[in-house]
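Q: Sharing target-v6.txt (compact mmCIF, C-alpha atoms) below.
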```
# COMPACT_ATOMS: atom_id res chain seq x y z
CA MET A 1 54.48 -11.90 -1.46
CA GLY A 2 51.42 -9.92 -0.36
CA LEU A 3 49.46 -10.72 -3.53
CA SER A 4 48.22 -13.97 -5.08
CA ARG A 5 50.18 -15.90 -7.71
CA ASP A 6 46.96 -15.71 -9.73
CA LEU A 7 47.83 -12.02 -10.20
CA ILE A 8 51.60 -12.32 -10.73
CA ASP A 9 53.56 -15.41 -11.77
CA ILE A 10 56.57 -14.15 -13.73
CA ARG A 11 57.74 -16.54 -16.46
CA THR A 12 59.28 -14.13 -19.02
CA ILE A 13 61.46 -11.07 -18.39
CA TYR A 14 62.31 -8.61 -21.16
CA HIS A 15 65.21 -6.43 -20.06
CA GLU A 16 67.47 -3.72 -21.37
CA PRO A 17 71.21 -4.61 -21.51
CA ALA A 18 72.13 -2.25 -18.65
CA VAL A 19 69.65 -3.70 -16.15
CA ALA A 20 72.03 -6.20 -14.55
CA GLY A 21 74.43 -3.36 -13.77
CA PHE A 22 72.04 -1.94 -11.17
CA PRO A 23 71.55 -3.48 -7.70
CA ARG A 24 67.75 -3.39 -8.10
CA GLY A 25 67.99 -5.00 -11.51
CA ARG A 26 70.13 -7.85 -10.18
CA ALA A 27 67.82 -8.34 -7.20
CA ILE A 28 64.75 -8.68 -9.43
CA LEU A 29 66.47 -11.06 -11.82
CA GLU A 30 67.63 -13.18 -8.89
CA ARG A 31 64.11 -13.21 -7.48
CA PHE A 32 62.83 -14.94 -10.63
CA PRO A 33 65.71 -17.32 -11.50
CA ASP A 34 63.55 -19.63 -13.61
CA ALA A 35 62.08 -16.87 -15.79
CA HIS A 36 63.06 -16.85 -19.46
CA ARG A 37 65.16 -13.73 -20.09
CA ILE A 38 65.04 -11.82 -23.36
CA GLU A 39 67.39 -8.87 -23.89
CA VAL A 40 65.85 -5.94 -25.78
CA PRO A 41 67.44 -2.64 -26.87
CA SER A 42 64.73 -0.60 -25.16
CA HIS A 43 61.83 -1.31 -22.85
CA TRP A 44 59.67 0.46 -25.44
CA ALA A 45 60.91 -1.66 -28.36
CA ILE A 46 59.39 -5.11 -27.81
CA PRO A 47 57.69 -6.36 -30.99
CA GLU A 48 55.97 -9.22 -29.16
CA LEU A 49 54.08 -6.72 -27.02
CA HIS A 50 53.58 -3.87 -29.45
CA GLY A 51 50.14 -3.58 -31.02
CA ASN A 52 48.75 -6.76 -29.49
CA ALA A 53 45.12 -5.79 -30.05
CA GLY A 54 44.76 -8.94 -32.10
CA SER A 55 45.86 -11.10 -29.19
CA VAL A 56 43.29 -10.07 -26.63
CA GLU A 57 42.82 -13.70 -25.59
CA ASP A 58 46.41 -13.59 -24.29
CA TRP A 59 46.10 -10.40 -22.25
CA VAL A 60 45.65 -12.04 -18.88
CA ARG A 61 48.50 -14.46 -19.55
CA ILE A 62 50.78 -11.60 -20.60
CA LYS A 63 49.88 -9.51 -17.58
CA ARG A 64 50.37 -12.38 -15.14
CA SER A 65 53.57 -13.84 -16.54
CA THR A 66 55.51 -11.04 -18.27
CA LEU A 67 57.80 -8.45 -16.69
CA VAL A 68 59.78 -5.71 -18.42
CA LEU A 69 62.89 -4.15 -16.85
CA GLY A 70 64.47 -0.91 -18.01
CA VAL A 71 66.36 2.21 -17.00
CA LYS A 72 64.42 5.44 -16.47
CA LYS A 73 65.72 8.19 -18.72
CA GLY A 74 63.73 11.32 -17.85
CA LEU A 75 63.86 12.42 -14.21
CA ALA A 76 61.90 15.67 -14.39
CA MET A 77 59.00 16.56 -12.08
CA ARG A 78 55.78 17.73 -13.73
CA PRO A 79 53.37 20.19 -12.08
CA ASN A 80 49.95 18.69 -11.34
CA GLY A 81 47.65 20.47 -8.88
CA ARG A 82 44.98 17.77 -8.56
CA SER A 83 46.09 14.54 -6.92
CA ALA A 84 49.45 16.10 -6.11
CA HIS A 85 51.52 19.21 -6.57
CA PHE A 86 54.00 17.31 -8.73
CA ILE A 87 54.13 14.09 -10.73
CA ALA A 88 57.40 12.38 -9.82
CA PRO A 89 59.42 10.33 -12.32
CA SER A 90 57.72 6.97 -12.59
CA THR A 91 59.49 3.91 -11.25
CA SER A 92 57.11 1.77 -13.31
CA ASN A 93 54.46 1.72 -15.97
CA GLY A 94 51.93 -0.88 -16.95
CA CYS A 95 50.01 -3.14 -14.62
CA ALA A 96 49.13 -6.74 -13.85
CA MET A 97 45.49 -5.76 -13.53
CA ALA A 98 43.20 -5.24 -16.53
CA CYS A 99 40.65 -2.51 -15.81
CA ALA A 100 38.51 -2.09 -18.91
CA TYR A 101 38.68 1.72 -18.83
CA CYS A 102 42.44 2.06 -18.23
CA TYR A 103 44.12 4.93 -20.08
CA VAL A 104 47.70 3.67 -19.60
CA PRO A 105 48.03 1.14 -22.49
CA ARG A 106 50.19 2.81 -25.09
CA ARG A 107 53.36 1.58 -26.78
CA LYS A 108 53.50 -1.86 -25.17
CA GLY A 109 50.15 -2.81 -26.60
CA PHE A 110 46.92 -2.95 -24.68
CA ALA A 111 48.09 -5.87 -22.54
CA ASN A 112 50.78 -3.50 -21.20
CA PRO A 113 52.39 -5.68 -18.51
CA ILE A 114 54.40 -4.22 -15.64
CA SER A 115 57.62 -2.42 -16.53
CA LEU A 116 59.94 -1.60 -13.63
CA PHE A 117 62.82 0.87 -13.76
CA VAL A 118 65.88 -0.28 -11.90
CA ASN A 119 67.78 3.02 -11.42
CA VAL A 120 65.86 3.68 -8.23
CA GLU A 121 68.66 5.64 -6.59
CA ALA A 122 68.60 8.20 -9.40
CA VAL A 123 64.83 8.63 -9.11
CA CYS A 124 65.03 9.09 -5.33
CA ALA A 125 67.90 11.57 -5.67
CA ALA A 126 65.93 13.61 -8.22
CA ILE A 127 62.90 13.76 -5.93
CA ARG A 128 65.07 14.80 -2.97
CA ARG A 129 66.77 17.59 -4.94
CA HIS A 130 63.44 18.89 -6.18
CA ALA A 131 61.83 18.85 -2.73
CA GLU A 132 64.80 20.63 -1.17
CA LYS A 133 64.48 23.43 -3.74
CA GLN A 134 60.78 23.95 -2.94
CA GLY A 135 61.22 25.00 0.67
CA PRO A 136 58.08 24.85 2.86
CA LEU A 137 54.57 24.92 1.39
CA GLN A 138 53.61 28.55 1.76
CA GLU A 139 49.88 28.14 2.33
CA PRO A 140 47.28 25.37 2.50
CA ASP A 141 45.62 24.30 -0.74
CA SER A 142 43.34 21.60 -2.03
CA VAL A 143 46.22 19.15 -2.40
CA ASP A 144 47.49 19.36 1.19
CA PRO A 145 47.43 21.81 4.11
CA THR A 146 51.12 21.64 5.02
CA LEU A 147 53.30 19.59 2.63
CA TRP A 148 54.27 19.36 -1.02
CA VAL A 149 52.75 16.18 -2.45
CA TYR A 150 54.45 14.02 -5.10
CA ASP A 151 52.41 11.46 -7.04
CA LEU A 152 54.50 8.31 -7.50
CA GLY A 153 52.20 6.00 -9.41
CA GLU A 154 50.78 7.84 -12.40
CA ASN A 155 51.19 4.94 -14.85
CA GLY A 156 50.93 1.85 -12.67
CA ASP A 157 49.83 0.49 -9.32
CA LEU A 158 52.52 0.60 -6.66
CA SER A 159 50.75 -1.94 -4.43
CA VAL A 160 51.32 -4.50 -7.18
CA ASP A 161 54.84 -3.29 -7.98
CA ALA A 162 55.72 -3.85 -4.32
CA ALA A 163 55.14 -7.58 -4.78
CA ILE A 164 58.04 -7.70 -7.25
CA SER A 165 60.73 -5.45 -5.77
CA ASP A 166 61.64 -3.20 -2.84
CA THR A 167 61.30 0.02 -4.82
CA VAL A 168 58.05 1.08 -3.17
CA ARG A 169 59.56 0.44 0.26
CA ASP A 170 62.50 2.66 -0.73
CA LEU A 171 60.17 5.45 -1.89
CA VAL A 172 58.13 5.34 1.31
CA GLY A 173 61.41 5.47 3.26
CA LEU A 174 62.60 8.45 1.20
CA PHE A 175 59.60 10.58 2.09
CA ARG A 176 60.04 9.82 5.79
CA THR A 177 63.22 11.87 5.51
CA LEU A 178 61.82 14.83 3.54
CA PRO A 179 60.48 17.38 6.05
CA ASN A 180 58.43 19.36 3.53
CA ALA A 181 56.99 16.61 1.30
CA LYS A 182 54.83 13.50 1.20
CA ALA A 183 54.24 10.75 -1.36
CA SER A 184 50.91 9.78 -2.87
CA PHE A 185 49.64 6.96 -5.05
CA ALA A 186 46.30 5.43 -5.99
CA THR A 187 45.69 1.69 -5.85
CA LYS A 188 43.10 -0.95 -6.63
CA ALA A 189 45.04 -3.72 -4.90
CA VAL A 190 45.39 -4.57 -1.22
CA ASN A 191 48.99 -5.59 -0.54
CA ARG A 192 49.33 -5.98 3.22
CA ASP A 193 53.12 -6.15 2.96
CA LEU A 194 52.94 -2.34 2.78
CA LEU A 195 51.69 -2.24 6.38
CA ALA A 196 55.27 -2.88 7.53
CA TYR A 197 56.80 0.07 5.62
CA ASP A 198 56.50 2.58 8.51
CA PRO A 199 55.35 5.61 6.45
CA GLN A 200 54.96 7.89 9.50
CA GLU A 201 52.07 9.74 7.80
CA LYS A 202 54.36 10.84 4.97
CA THR A 203 52.70 8.63 2.33
CA ARG A 204 49.12 9.07 1.17
CA ILE A 205 47.51 5.96 -0.27
CA ARG A 206 44.33 6.54 -2.27
CA PHE A 207 42.10 3.48 -2.45
CA SER A 208 40.06 3.56 -5.66
CA LEU A 209 36.45 2.58 -5.06
CA MET A 210 33.27 2.12 -7.07
CA PRO A 211 30.04 0.14 -6.59
CA GLU A 212 30.82 -3.56 -6.24
CA ARG A 213 28.51 -4.84 -8.98
CA ILE A 214 30.09 -2.46 -11.51
CA ALA A 215 33.62 -3.22 -10.30
CA ARG A 216 32.99 -6.91 -10.98
CA ILE A 217 32.52 -5.98 -14.65
CA VAL A 218 35.15 -3.28 -15.28
CA ASP A 219 37.77 -3.64 -12.48
CA VAL A 220 39.27 -6.82 -13.89
CA ARG A 221 41.86 -8.67 -11.74
CA THR A 222 41.71 -6.12 -8.90
CA SER A 223 41.11 -6.62 -5.18
CA PRO A 224 37.39 -6.82 -4.33
CA ILE A 225 35.81 -3.55 -3.20
CA ALA A 226 34.95 -5.03 0.21
CA GLU A 227 38.61 -5.98 0.70
CA ARG A 228 39.74 -2.45 -0.13
CA ILE A 229 37.28 -0.96 2.37
CA ALA A 230 38.34 -3.47 5.03
CA ALA A 231 41.98 -2.40 4.58
CA ILE A 232 41.41 1.31 5.25
CA ASP A 233 41.56 1.19 9.05
CA ASP A 234 44.61 -1.07 8.97
CA PHE A 235 46.53 1.29 6.69
CA VAL A 236 45.61 4.29 8.85
CA ALA A 237 46.81 2.38 11.92
CA ALA A 238 50.07 1.57 10.11
CA GLY A 239 50.79 5.28 9.63
CA TYR A 240 49.46 5.99 6.14
CA GLU A 241 47.24 8.88 5.27
CA VAL A 242 44.31 7.18 3.51
CA HIS A 243 42.13 8.98 1.00
CA LEU A 244 39.46 7.63 -1.34
CA ASN A 245 39.51 7.83 -5.10
CA PHE A 246 35.96 7.56 -6.45
CA SER A 247 37.00 6.78 -9.97
CA PRO A 248 35.78 6.42 -12.56
CA VAL A 249 32.20 7.45 -11.90
CA ILE A 250 30.24 5.62 -14.59
CA LEU A 251 26.69 6.72 -15.36
CA TYR A 252 23.94 4.17 -15.95
CA GLU A 253 20.39 3.51 -14.83
CA GLY A 254 20.50 3.14 -11.04
CA TRP A 255 23.97 4.61 -10.47
CA GLU A 256 22.86 6.81 -7.57
CA ALA A 257 21.43 3.89 -5.59
CA ASP A 258 24.62 1.87 -6.12
CA TRP A 259 26.85 4.72 -4.95
CA ALA A 260 24.61 5.35 -1.92
CA GLU A 261 25.06 1.68 -1.00
CA LEU A 262 28.83 2.02 -1.39
CA PHE A 263 28.97 5.13 0.80
CA THR A 264 27.02 3.27 3.47
CA ALA A 265 29.42 0.34 3.27
CA ILE A 266 32.40 2.66 3.69
CA ASP A 267 30.78 4.48 6.60
CA ASP A 268 29.99 1.18 8.31
CA GLY A 269 33.46 -0.21 7.58
CA ILE A 270 35.81 2.49 8.87
CA GLY A 271 36.52 3.80 12.35
CA ALA A 272 36.98 7.20 13.93
CA ALA A 273 40.68 7.51 13.06
CA ALA A 274 40.01 6.96 9.37
CA ARG A 275 37.02 9.32 9.36
CA ALA A 276 39.11 12.07 10.95
CA GLN A 277 41.59 12.19 8.06
CA VAL A 278 39.77 10.86 5.01
CA LYS A 279 39.25 13.00 1.90
CA ALA A 280 38.16 12.10 -1.60
CA GLU A 281 38.76 12.66 -5.28
CA VAL A 282 35.88 12.26 -7.75
CA ILE A 283 36.69 11.55 -11.40
CA MET A 284 34.00 11.07 -14.01
CA LEU A 285 34.67 8.50 -16.72
CA THR A 286 36.60 9.45 -19.84
CA HIS A 287 36.76 6.71 -22.45
CA ASN A 288 38.88 6.22 -25.55
CA ALA A 289 37.82 5.28 -29.07
CA ASP A 290 40.78 2.95 -29.68
CA LEU A 291 40.32 1.19 -26.34
CA HIS A 292 36.61 0.81 -27.08
CA ALA A 293 37.40 -0.96 -30.35
CA VAL A 294 39.85 -3.32 -28.65
CA ASN A 295 37.55 -4.01 -25.69
CA LEU A 296 34.86 -5.22 -28.06
CA GLY A 297 37.16 -8.14 -28.80
CA TRP A 298 37.57 -9.35 -25.24
CA HIS A 299 35.07 -7.64 -22.91
CA PRO A 300 31.99 -6.26 -24.71
CA LYS A 301 29.95 -6.40 -21.50
CA ALA A 302 32.17 -3.64 -20.09
CA GLU A 303 31.65 -1.54 -23.20
CA ALA A 304 27.91 -1.53 -22.63
CA LEU A 305 28.69 0.55 -19.53
CA LEU A 306 31.65 2.57 -20.79
CA TRP A 307 30.65 3.50 -24.34
CA ARG A 308 27.56 5.71 -24.20
CA PRO A 309 27.54 8.10 -27.17
CA ASP A 310 23.97 9.01 -26.25
CA ILE A 311 25.22 10.86 -23.15
CA GLN A 312 28.88 11.41 -24.12
CA GLU A 313 30.68 13.82 -26.45
CA ALA A 314 33.96 13.71 -28.31
CA LYS A 315 37.07 15.23 -26.77
CA VAL A 316 40.60 15.27 -28.16
CA SER A 317 43.08 14.63 -25.35
CA GLN A 318 46.34 16.55 -24.86
CA GLY A 319 48.10 13.57 -26.41
CA GLY A 320 45.86 13.68 -29.47
CA GLY A 321 43.68 10.67 -28.56
CA ALA A 322 40.02 10.51 -29.58
CA ASN A 323 38.18 10.36 -26.26
CA LEU A 324 34.60 10.47 -25.08
CA ARG A 325 33.47 12.25 -21.92
CA TYR A 326 30.06 12.96 -20.48
CA ARG A 327 28.38 15.90 -22.18
CA THR A 328 29.21 19.40 -21.06
CA GLY A 329 26.45 20.85 -18.92
CA TRP A 330 24.98 17.49 -18.04
CA LYS A 331 28.30 16.32 -16.62
CA GLY A 332 28.28 19.20 -14.14
CA ARG A 333 24.76 18.36 -13.01
CA TRP A 334 25.58 14.67 -12.53
CA LEU A 335 28.74 15.57 -10.65
CA ALA A 336 26.75 17.88 -8.36
CA ARG A 337 24.30 15.06 -7.65
CA PHE A 338 27.19 12.74 -6.85
CA THR A 339 28.88 15.13 -4.42
CA ALA A 340 25.56 15.94 -2.74
CA LEU A 341 24.93 12.24 -2.19
CA LEU A 342 28.42 11.82 -0.73
CA ALA A 343 27.90 14.79 1.60
CA GLU A 344 24.61 13.29 2.78
CA ARG A 345 26.02 9.82 3.48
CA MET A 346 29.61 10.73 4.54
CA PRO A 347 29.55 14.38 5.65
CA TYR A 348 33.03 14.11 7.16
CA CYS A 349 34.60 13.21 3.79
CA THR A 350 35.79 16.41 2.10
CA VAL A 351 36.08 16.33 -1.70
CA ARG A 352 39.55 17.61 -2.58
CA TYR A 353 38.74 17.90 -6.26
CA ALA A 354 36.17 16.63 -8.74
CA PHE A 355 36.04 16.65 -12.51
```
Starting from the file, give its structure as structure tokens.
A:
Amino acid sequence: MGLSRDLIDIRTIYHEPAVAGFPRGRAILERFPDAHRIEVPSHWAIPELHGNAGSVEDWVRIKRSTLVLGVKKGLAMRPNGRSAHFIAPSTSNGCAMACAYCYVPRRKGFANPISLFVNVEAVCAAIRRHAEKQGPLQEPDSVDPTLWVYDLGENGDLSVDAAISDTVRDLVGLFRTLPNAKASFATKAVNRDLLAYDPQEKTRIRFSLMPERIARIVDVRTSPIAERIAAIDDFVAAGYEVHLNFSPVILYEGWEADWAELFTAIDDGIGAAARAQVKAEVIMLTHNADLHAVNLGWHPKAEALLWRPDIQEAKVSQGGGANLRYRTGWKGRWLARFTALLAERMPYCTVRYAF
């Protein structure tokens, strides 16, 4: 396994009844023969995980030791236009990591351990059918100059999922065979097992980066920033397209100096091949009122950075959540300062989109 047992050590598996009828489901169950198995009617209906805000002291244990297995129902592609042209059906949701700002925790409580979907063949077939209907990309755009891009990891981290099953290997292999499309996913983990997947430049991996001293507070249980930077050249050499995801950009006293130091570290840490193909996304922090309340119970130090009503304003998300984002007007100015600093320190790194 390319990741430490400190991150994943599966002891309990919740699974839908149909899971064992799928080859991927059987393979995962066989991989963890000593895990306690609990059959549940739906991967969404697990009372022990639902609404666990009162059990924040157990979050790390739940994330490390609990796995949920289910069957993916919806196989539709959703238009995107930022990280990708389309959001592909997820093969997972939830994560073993515990970033304090994460938007994913929903109906499996805020611990939200990894859920894997075992009907991988159906997901791959749906992606193939959709890509075949698209034909060639008609003209270059901010997503990609030549290919349709499908985001595979909207609700999880595929580098971590790859430590549990072969699904990510299968997805990378799928896109090798699609002449008009490539895969894309963001990650905060360095799993060097992926270096053997032979992506042939048909998978874009986006390493999420932020200043190290801030990551130590809010990027809980992730690979160190220096390790992510050190992996960039190796992933380019292995045939991945490697982009950078500067996310979230958190504002605080001294943020510009910290980001300038990070840009210098990246510039010093990558070679000519990486520089020739690297691009970036820039995403300013959006926080959530419910997550803020829960975080106060387990990580108030993070909230001192994330919850800044003095420079944030309320925003109701598309899903109806009560969010905070940096104030309109000021956000644009701070974003302009960020991108100007990036252009000064890493002029070869084009910003694909920023918001």
Q: Calculated over all atoms listed in the file, which of the candidates A:Val236, A:Glu16, A:Leu342, A:Ile214 has the smallest distance to A:Glu253?
A: A:Ile214
Q: Quick check, in Å to one decimal: how far apart do atom CA of A:Gly135 and atom CA of A:Asn180 lie?
A: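 These two atoms are separated by 6.9 Å.
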Q: Could you check which of A:Gly21, A:Trp255, A:Ala111, A:Ser65 is closest to A:His50, using only C-alpha atoms?
A: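 Result for the nearest residue to A:His50: A:Ala111.
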Q: With only C-alpha atoms as the counted atoms, please give the residues lying no more than 12 Å from A:Ala96, apart from itself and same-chain residues fewer than 6 positions off, as a PyMOL selection string.
A: chain A and resi 3-10+59-68+102+104-105+110-116+155-164+188-189+219-223
Q: What's the 9 Å shell around A:Leu174, counting only C-alpha atoms, without same-chain residues fewer than 6 positions away, as a count of residues only?
A: 3
Q: Determine the nearest neighbour of A:Leu178 from the options A:Ser142, A:Thr286, A:Gln134, A:Ser165, counting only C-alpha atoms.
A: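 Looking at the shortest contact to A:Leu178, the residue is A:Gln134.
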Q: Which residues are close to A:Asp290, i.e. within 10 Å by all atoms listed in the file, leaving aside same-chain residues fewer than 2 positions away? Reply as JSON, numbers by chain.
A: {"A": [53, 110, 287, 288, 292, 293, 294, 295, 321, 322, 323]}
Q: Between A:Ala230, A:Leu209, A:Leu49, A:Ala237, single out the one closest to A:Ala196, counting all atoms listed in the file.
A: A:Ala237
Q: Using Å and a single decimal, report how far atom CA of A:Ala289 sits from atom CA of A:Glu256.
A: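 Atom CA of A:Ala289 lies at a distance of 26.2 Å from atom CA of A:Glu256.
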Q: Could you jot down the atom CA of A:Gly173 to atom CA of A:Tyr150 separation for me, Å, one decimal place?
A: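 So the two atoms, atom CA of A:Gly173 and atom CA of A:Tyr150, lie 13.8 Å apart.
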Q: Report as a short mmCIF file (atom, residue, chain, number, x, y, z; two decimals) with C-alpha atoms, in the coordinates of the input all protein, DNA and RNA residues lying within 12 Å of A:Ser42, evaluated on all atoms listed in the file, omitting residues in the same chain fewer than 6 positions from it.
A:
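Final file, selection_34.cif:
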```cif
data_model
loop_
_atom_site.label_atom_id
_atom_site.label_comp_id
_atom_site.auth_asym_id
_atom_site.auth_seq_id
_atom_site.Cartn_x
_atom_site.Cartn_y
_atom_site.Cartn_z
CA TYR A 14 62.31 -8.61 -21.16
CA HIS A 15 65.21 -6.43 -20.06
CA GLU A 16 67.47 -3.72 -21.37
CA PRO A 17 71.21 -4.61 -21.51
CA ALA A 18 72.13 -2.25 -18.65
CA VAL A 19 69.65 -3.70 -16.15
CA VAL A 68 59.78 -5.71 -18.42
CA LEU A 69 62.89 -4.15 -16.85
CA GLY A 70 64.47 -0.91 -18.01
CA VAL A 71 66.36 2.21 -17.00
CA LYS A 72 64.42 5.44 -16.47
CA LYS A 73 65.72 8.19 -18.72
CA ARG A 107 53.36 1.58 -26.78
CA LYS A 108 53.50 -1.86 -25.17
CA SER A 115 57.62 -2.42 -16.53
CA PHE A 117 62.82 0.87 -13.76
#
```
Q: Out of A:Val249, A:Ile46, A:Val278, A:Val218, which residue has the shortest atom-to-atom distance to A:Trp334 when counting only C-alpha atoms?
A: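 Looking at the shortest contact to A:Trp334, the residue is A:Val249.
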Q: Do a neighbour search on A:Tyr240 at 8 Å with all atoms listed in the file, toss out local chain neighbours closer than 3 positions, and write the hits as a list in words.
A: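 Listing them by chain and then by number gives Pro199, Gln200, Glu201, Lys202, Thr203, Arg204, Ile205, Phe235, Val236 and Ala237 of chain A.
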